[in-house]
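Structure file structure-v5.cif with mmCIF, C-alpha atoms:
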data_structure
loop_
_atom_site.group_PDB
_atom_site.id
_atom_site.type_symbol
_atom_site.label_atom_id
_atom_site.label_comp_id
_atom_site.auth_asym_id
_atom_site.auth_seq_id
_atom_site.Cartn_x
_atom_site.Cartn_y
_atom_site.Cartn_z
ATOM 1 C CA MET W 1 -22.771 -19.394 -16.056
ATOM 2 C CA PRO W 2 -20.833 -16.154 -15.452
ATOM 3 C CA GLN W 3 -22.368 -13.602 -13.116
ATOM 4 C CA THR W 4 -21.942 -9.828 -13.567
ATOM 5 C CA ILE W 5 -21.657 -7.489 -10.572
ATOM 6 C CA SER W 6 -21.441 -3.694 -10.544
ATOM 7 C CA THR W 7 -19.866 -2.071 -7.477
ATOM 8 C CA PRO W 8 -17.934 0.974 -6.288
ATOM 9 C CA ALA W 9 -14.301 0.025 -5.623
ATOM 10 C CA ILE W 10 -10.988 1.480 -4.521
ATOM 11 C CA SER W 11 -7.851 0.208 -6.214
ATOM 12 C CA LEU W 12 -5.141 -0.826 -3.726
ATOM 13 C CA ALA W 13 -2.335 -2.334 -5.814
ATOM 14 C CA SER W 14 -1.593 -3.869 -9.196
ATOM 15 C CA ARG W 15 1.013 -6.247 -10.527
ATOM 16 C CA PRO W 16 1.851 -7.794 -13.912
ATOM 17 C CA TRP W 17 0.213 -11.091 -14.807
ATOM 18 C CA ARG W 18 1.403 -13.173 -17.732
ATOM 19 C CA GLU W 19 2.386 -11.213 -20.841
ATOM 20 C CA GLN W 20 -0.275 -8.527 -21.229
ATOM 21 C CA ASP W 21 -2.565 -8.744 -18.187
ATOM 22 C CA LEU W 22 -2.725 -7.162 -14.733
ATOM 23 C CA LEU W 23 -3.850 -8.471 -11.380
ATOM 24 C CA VAL W 24 -5.418 -5.689 -9.324
ATOM 25 C CA ASP W 25 -6.231 -5.743 -5.607
ATOM 26 C CA LEU W 26 -9.374 -3.730 -4.886
ATOM 27 C CA TYR W 27 -11.576 -3.045 -1.910
ATOM 28 C CA THR W 28 -15.176 -3.071 -3.117
ATOM 29 C CA LEU W 29 -18.342 -1.966 -1.383
ATOM 30 C CA GLU W 30 -20.217 -5.124 -2.426
ATOM 31 C CA GLN W 31 -17.586 -7.855 -1.994
ATOM 32 C CA GLY W 32 -14.820 -6.458 0.187
ATOM 33 C CA LYS W 33 -11.282 -7.212 -0.921
ATOM 34 C CA LEU W 34 -11.106 -8.694 -4.377
ATOM 35 C CA THR W 35 -8.243 -9.666 -6.686
ATOM 36 C CA LEU W 36 -9.303 -8.933 -10.230
ATOM 37 C CA LEU W 37 -7.882 -9.866 -13.625
ATOM 38 C CA VAL W 38 -7.643 -7.003 -16.132
ATOM 39 C CA ARG W 39 -7.133 -8.608 -19.526
ATOM 40 C CA GLY W 40 -4.720 -6.614 -21.689
ATOM 41 C CA GLY W 41 -4.124 -4.187 -18.808
ATOM 42 C CA ARG W 42 -0.405 -3.860 -19.605
ATOM 43 C CA ARG W 43 -0.983 -2.856 -23.224
ATOM 44 C CA LEU W 44 -0.569 0.827 -24.079
ATOM 45 C CA SER W 45 -3.978 0.746 -25.759
ATOM 46 C CA SER W 46 -5.778 -0.624 -22.674
ATOM 47 C CA LYS W 47 -8.967 1.281 -21.872
ATOM 48 C CA LEU W 48 -9.185 -0.125 -18.336
ATOM 49 C CA ALA W 49 -5.613 0.311 -17.054
ATOM 50 C CA ALA W 50 -5.920 4.005 -16.090
ATOM 51 C CA HIS W 51 -9.186 3.383 -14.246
ATOM 52 C CA VAL W 52 -7.759 0.631 -12.025
ATOM 53 C CA GLU W 53 -4.415 2.212 -11.125
ATOM 54 C CA PRO W 54 -3.756 2.265 -7.346
ATOM 55 C CA ILE W 55 -5.387 5.011 -5.279
ATOM 56 C CA THR W 56 -8.431 5.417 -7.517
ATOM 57 C CA LEU W 57 -12.112 5.374 -6.578
ATOM 58 C CA LEU W 58 -14.025 3.751 -9.433
ATOM 59 C CA GLU W 59 -17.259 2.190 -10.546
ATOM 60 C CA LEU W 60 -16.479 -1.370 -11.572
ATOM 61 C CA MET W 61 -18.271 -4.104 -13.473
ATOM 62 C CA VAL W 62 -16.951 -7.574 -12.623
ATOM 63 C CA ILE W 63 -17.597 -10.859 -14.396
ATOM 64 C CA GLU W 64 -17.358 -13.844 -12.071
ATOM 65 C CA GLY W 65 -17.080 -17.286 -13.570
ATOM 66 C CA LYS W 66 -14.388 -19.926 -13.667
ATOM 67 C CA GLY W 67 -11.033 -18.713 -12.413
ATOM 68 C CA LEU W 68 -10.321 -15.162 -11.359
ATOM 69 C CA PRO W 69 -12.996 -12.457 -11.459
ATOM 70 C CA THR W 70 -12.417 -10.305 -14.563
ATOM 71 C CA ALA W 71 -12.942 -6.581 -15.154
ATOM 72 C CA ALA W 72 -15.621 -6.014 -17.777
ATOM 73 C CA ALA W 73 -15.757 -2.225 -17.438
ATOM 74 C CA ALA W 74 -14.430 0.488 -15.143
ATOM 75 C CA SER W 75 -14.993 4.202 -14.771
ATOM 76 C CA SER W 76 -12.951 6.453 -12.476
ATOM 77 C CA ARG W 77 -14.963 8.522 -10.015
ATOM 78 C CA ASN W 78 -11.980 10.134 -8.282
ATOM 79 C CA SER W 79 -8.325 9.668 -9.180
ATOM 80 C CA TYR W 80 -7.092 11.892 -6.306
ATOM 81 C CA ALA W 81 -4.854 13.924 -8.630
ATOM 82 C CA SER W 82 -3.597 16.306 -5.934
ATOM 83 C CA LEU W 83 -2.517 13.362 -3.782
ATOM 84 C CA LYS W 84 -0.705 11.694 -6.689
ATOM 85 C CA ASP W 85 1.051 14.944 -7.646
ATOM 86 C CA ASP W 86 2.570 15.420 -4.179
ATOM 87 C CA TYR W 87 5.525 13.170 -3.339
ATOM 88 C CA GLU W 88 5.057 13.435 0.449
ATOM 89 C CA LYS W 89 1.339 12.621 0.206
ATOM 90 C CA ILE W 90 1.946 9.628 -2.056
ATOM 91 C CA VAL W 91 4.605 8.259 0.305
ATOM 92 C CA ALA W 92 2.191 8.510 3.258
ATOM 93 C CA ALA W 93 -0.654 6.958 1.232
ATOM 94 C CA GLY W 94 1.633 4.156 0.018
ATOM 95 C CA TRP W 95 2.746 3.386 3.578
ATOM 96 C CA ALA W 96 -0.881 3.150 4.713
ATOM 97 C CA LEU W 97 -2.007 1.139 1.662
ATOM 98 C CA LYS W 98 0.760 -1.434 2.067
ATOM 99 C CA ARG W 99 -0.370 -2.132 5.632
ATOM 100 C CA PHE W 100 -4.082 -1.996 4.811
ATOM 101 C CA ASN W 101 -3.668 -4.437 1.917
ATOM 102 C CA ARG W 102 -1.839 -6.887 4.205
ATOM 103 C CA LEU W 103 -4.443 -6.573 6.962
ATOM 104 C CA VAL W 104 -7.620 -7.071 4.975
ATOM 105 C CA LYS W 105 -8.440 -10.602 3.845
ATOM 106 C CA GLU W 106 -9.829 -11.592 0.450
ATOM 107 C CA GLY W 107 -13.646 -11.484 0.529
ATOM 108 C CA GLU W 108 -13.721 -9.610 3.857
ATOM 109 C CA ARG W 109 -16.422 -6.939 3.475
ATOM 110 C CA ASP W 110 -17.290 -3.970 5.685
ATOM 111 C CA ASP W 111 -19.080 -0.803 4.526
ATOM 112 C CA LYS W 112 -17.407 1.248 7.268
ATOM 113 C CA VAL W 113 -13.947 0.125 6.131
ATOM 114 C CA PHE W 114 -14.768 1.062 2.525
ATOM 115 C CA HIS W 115 -15.866 4.552 3.605
ATOM 116 C CA LEU W 116 -12.860 4.908 5.943
ATOM 117 C CA LEU W 117 -10.523 4.163 3.009
ATOM 118 C CA SER W 118 -12.418 6.530 0.703
ATOM 119 C CA ASP W 119 -12.379 9.292 3.358
ATOM 120 C CA PHE W 120 -8.638 8.792 3.934
ATOM 121 C CA PHE W 121 -7.828 9.376 0.264
ATOM 122 C CA ALA W 122 -10.270 12.289 -0.056
ATOM 123 C CA LEU W 123 -8.903 14.077 3.026
ATOM 124 C CA LEU W 124 -5.269 13.435 2.113
ATOM 125 C CA ASN W 125 -6.002 14.649 -1.420
ATOM 126 C CA GLU W 126 -7.351 17.991 -0.110
ATOM 127 C CA ALA W 127 -4.861 18.466 2.755
ATOM 128 C CA LYS W 128 -2.224 21.164 2.699
ATOM 129 C CA ALA W 129 0.205 20.402 5.478
ATOM 130 C CA GLU W 130 3.747 19.342 6.300
ATOM 131 C CA LYS W 131 5.247 15.893 5.754
ATOM 132 C CA ASP W 132 4.946 15.054 9.477
ATOM 133 C CA TRP W 133 1.195 15.606 9.320
ATOM 134 C CA TYR W 134 0.752 13.360 6.252
ATOM 135 C CA ASP W 135 2.735 10.570 7.962
ATOM 136 C CA TRP W 136 0.745 11.015 11.184
ATOM 137 C CA PHE W 137 -2.557 10.976 9.280
ATOM 138 C CA ALA W 138 -1.564 7.705 7.545
ATOM 139 C CA LYS W 139 -0.852 6.171 10.973
ATOM 140 C CA ILE W 140 -4.241 7.382 12.251
ATOM 141 C CA PHE W 141 -5.932 5.745 9.252
ATOM 142 C CA VAL W 142 -4.197 2.404 9.891
ATOM 143 C CA ALA W 143 -5.050 2.601 13.611
ATOM 144 C CA LEU W 144 -8.727 3.230 12.810
ATOM 145 C CA ALA W 145 -8.732 0.388 10.250
ATOM 146 C CA LEU W 146 -7.260 -1.956 12.882
ATOM 147 C CA GLU W 147 -9.947 -0.835 15.308
ATOM 148 C CA GLN W 148 -12.644 -1.507 12.701
ATOM 149 C CA PHE W 149 -11.211 -5.000 12.053
ATOM 150 C CA GLY W 150 -11.389 -5.650 15.804
ATOM 151 C CA TYR W 151 -7.650 -5.687 16.501
ATOM 152 C CA GLY W 152 -7.199 -3.437 19.421
ATOM 153 C CA PRO W 153 -8.038 -0.400 21.395
ATOM 154 C CA ALA W 154 -6.639 2.166 18.974
ATOM 155 C CA LEU W 155 -9.013 4.776 20.317
ATOM 156 C CA ASP W 156 -6.886 5.638 23.325
ATOM 157 C CA LYS W 157 -8.591 8.628 24.960
ATOM 158 C CA SER W 158 -5.368 9.771 26.598
ATOM 159 C CA HIS W 159 -4.074 10.559 23.110
ATOM 160 C CA GLU W 160 -7.320 12.168 21.892
ATOM 161 C CA ILE W 161 -7.771 9.854 18.906
ATOM 162 C CA SER W 162 -11.270 10.149 17.536
ATOM 163 C CA SER W 163 -13.058 7.423 15.585
ATOM 164 C CA SER W 164 -13.611 9.882 12.714
ATOM 165 C CA LEU W 165 -10.954 10.771 10.162
ATOM 166 C CA TYR W 166 -12.798 14.045 9.524
ATOM 167 C CA GLU W 167 -12.514 14.987 13.210
ATOM 168 C CA MET W 168 -8.840 14.029 13.308
ATOM 169 C CA ALA W 169 -8.118 16.061 10.165
ATOM 170 C CA GLN W 170 -9.670 19.158 11.777
ATOM 171 C CA LYS W 171 -8.023 18.870 15.211
ATOM 172 C CA THR W 172 -5.188 21.120 16.223
ATOM 173 C CA PHE W 173 -2.521 19.922 18.619
ATOM 174 C CA SER W 174 0.374 21.571 20.330
ATOM 175 C CA ARG W 175 3.750 20.372 19.064
ATOM 176 C CA ALA W 176 4.228 18.406 22.331
ATOM 177 C CA GLU W 177 0.795 16.709 22.044
ATOM 178 C CA PHE W 178 1.462 15.874 18.396
ATOM 179 C CA LYS W 179 4.860 14.315 19.225
ATOM 180 C CA LYS W 180 3.363 12.360 22.149
ATOM 181 C CA MET W 181 0.555 10.918 19.987
ATOM 182 C CA ASN W 182 2.935 10.152 17.119
ATOM 183 C CA SER W 183 5.320 8.394 19.506
ATOM 184 C CA TRP W 184 2.455 6.302 20.921
ATOM 185 C CA LEU W 185 1.360 5.343 17.370
ATOM 186 C CA ASP W 186 4.945 4.386 16.488
ATOM 187 C CA ARG W 187 5.033 2.016 19.477
ATOM 188 C CA TRP W 188 1.494 0.621 19.218
ATOM 189 C CA LEU W 189 1.037 0.116 15.461
ATOM 190 C CA PRO W 190 3.815 -2.431 14.684
ATOM 191 C CA ALA W 191 2.682 -4.744 17.485
ATOM 192 C CA ALA W 192 -0.999 -4.337 16.567
ATOM 193 C CA ILE W 193 -0.313 -5.064 12.890
ATOM 194 C CA GLU W 194 1.799 -8.115 13.755
ATOM 195 C CA ASN W 195 -0.956 -9.347 16.084
ATOM 196 C CA ALA W 196 -3.546 -8.897 13.332
ATOM 197 C CA LEU W 197 -1.554 -10.908 10.802
#
As structure tokens, the full file:
Amino acid sequence: MPQTISTPAISLASRPWREQDLLVDLYTLEQGKLTLLVRGGRRLSSKLAAHVEPITLLELMVIEGKGLPTAAAASSRNSYASLKDDYEKIVAAGWALKRFNRLVKEGERDDKVFHLLSDFFALLNEAKAEKDWYDWFAKIFVALALEQFGYGPALDKSHEISSSLYEMAQKTFSRAEFKKMNSWLDRWLPAAIENAL
């Protein structure tokens, strides 16, 4: 018998499935990473498609039964419009999402990771900075996600990386400190991501 679950979720990615459907990768508060079937999601008349587009915080109702979990209903809570309207922000968010989606395993659940992802989008949405800062902030997010998954000492005190995205968003660095930290992230992240996979 099918079971219905209601949960907050963040949409990570979507891809076409068969003729009219979508498969959507989400990170949910209740079940962690979940691949969901959105029936008719590719139709112009779809009521769910806009609510499950990538980089959206939503309230989701899922029907679990035979086969893939299916979206029964969805309602956007935050579509991060300012982030999606800014090319440099969307590039930084896309870079971070691609890595996050590869790192997190299906069914892996962690409340702190959900809130870290939600905070990342909220802070990036509100930020007014230069491209370098958006790219740096995306790297900080991935480093903190890796730390939360247990893949390394991302919180290197010599580079003043805090465990809070809010603290990192408020910090001010000299240009030299910023370049030093960014350089360290550029060296550390690829190896840490490869090690995690």
| For the point (-2.5, -0.6, -18.5) in file coordinates, what residues are within 10 Å, counting all atoms listed in the file? Give the answer as an MDAnalysis selection string? | chainID W and resid 14 16 20:22 38:53
| query | Quick one: which residues end up in the PyMOL selection byres ((chain W and resi 29-34) around 8) for this structure, as an NGL selection string? | reply | :W and (7-9 or 25-28 or 35-36 or 104-111 or 114)
| remark: Here atom CA of Leu103 of chain W and atom CA of His115 of chain W stand apart by 16.3 Å
| Residue nearest Phe141 of chain W - candidates W:Ser118, W:Asn195, W:Ser183, W:Ser76, atoms counted: only C-alpha atoms |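 Of W:Ser118, W:Asn195, W:Ser183, W:Ser76, the one nearest Phe141 of chain W is W:Ser118, counting only C-alpha atoms.
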| request: Could you expand the PyMOL selection byres ((chain W and resi 189-194) around 8) into the explicit residues it covers here, written as a PyMOL selection string? | output: chain W and resi 99+103+139+142-143+146+151-152+185-188+195-197
| Any idea what the distance is between atom CA of Val113 of chain W and atom CA of Gly150 of chain W? |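 It comes out at 11.6 Å.
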| message | Quick one: residues within 8 Å of Asp119 of chain W, all atoms listed in the file, excluding same-chain residues fewer than 3 positions away - as JSON, numbers by chain? | response | {"W": [115, 116, 122, 123, 165, 166]}
Draw an axis-aligned box over all listed atoms of segment 65-71 of chain W, pad each side with 6 Å, and write its centre and edge lengths in Å, one decimal, as lines of an AutoDock Vina configuration file.
center_x = -13.7
center_y = -13.3
center_z = -13.3
size_x = 18.8
size_y = 25.3
size_z = 15.8
| query | To one decimal place, how far is atom CA of Trp184 of chain W from atom CA of Phe137 of chain W in Å? | reply |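 Separating atom CA of Trp184 of chain W from atom CA of Phe137 of chain W is a distance of 13.5 Å.
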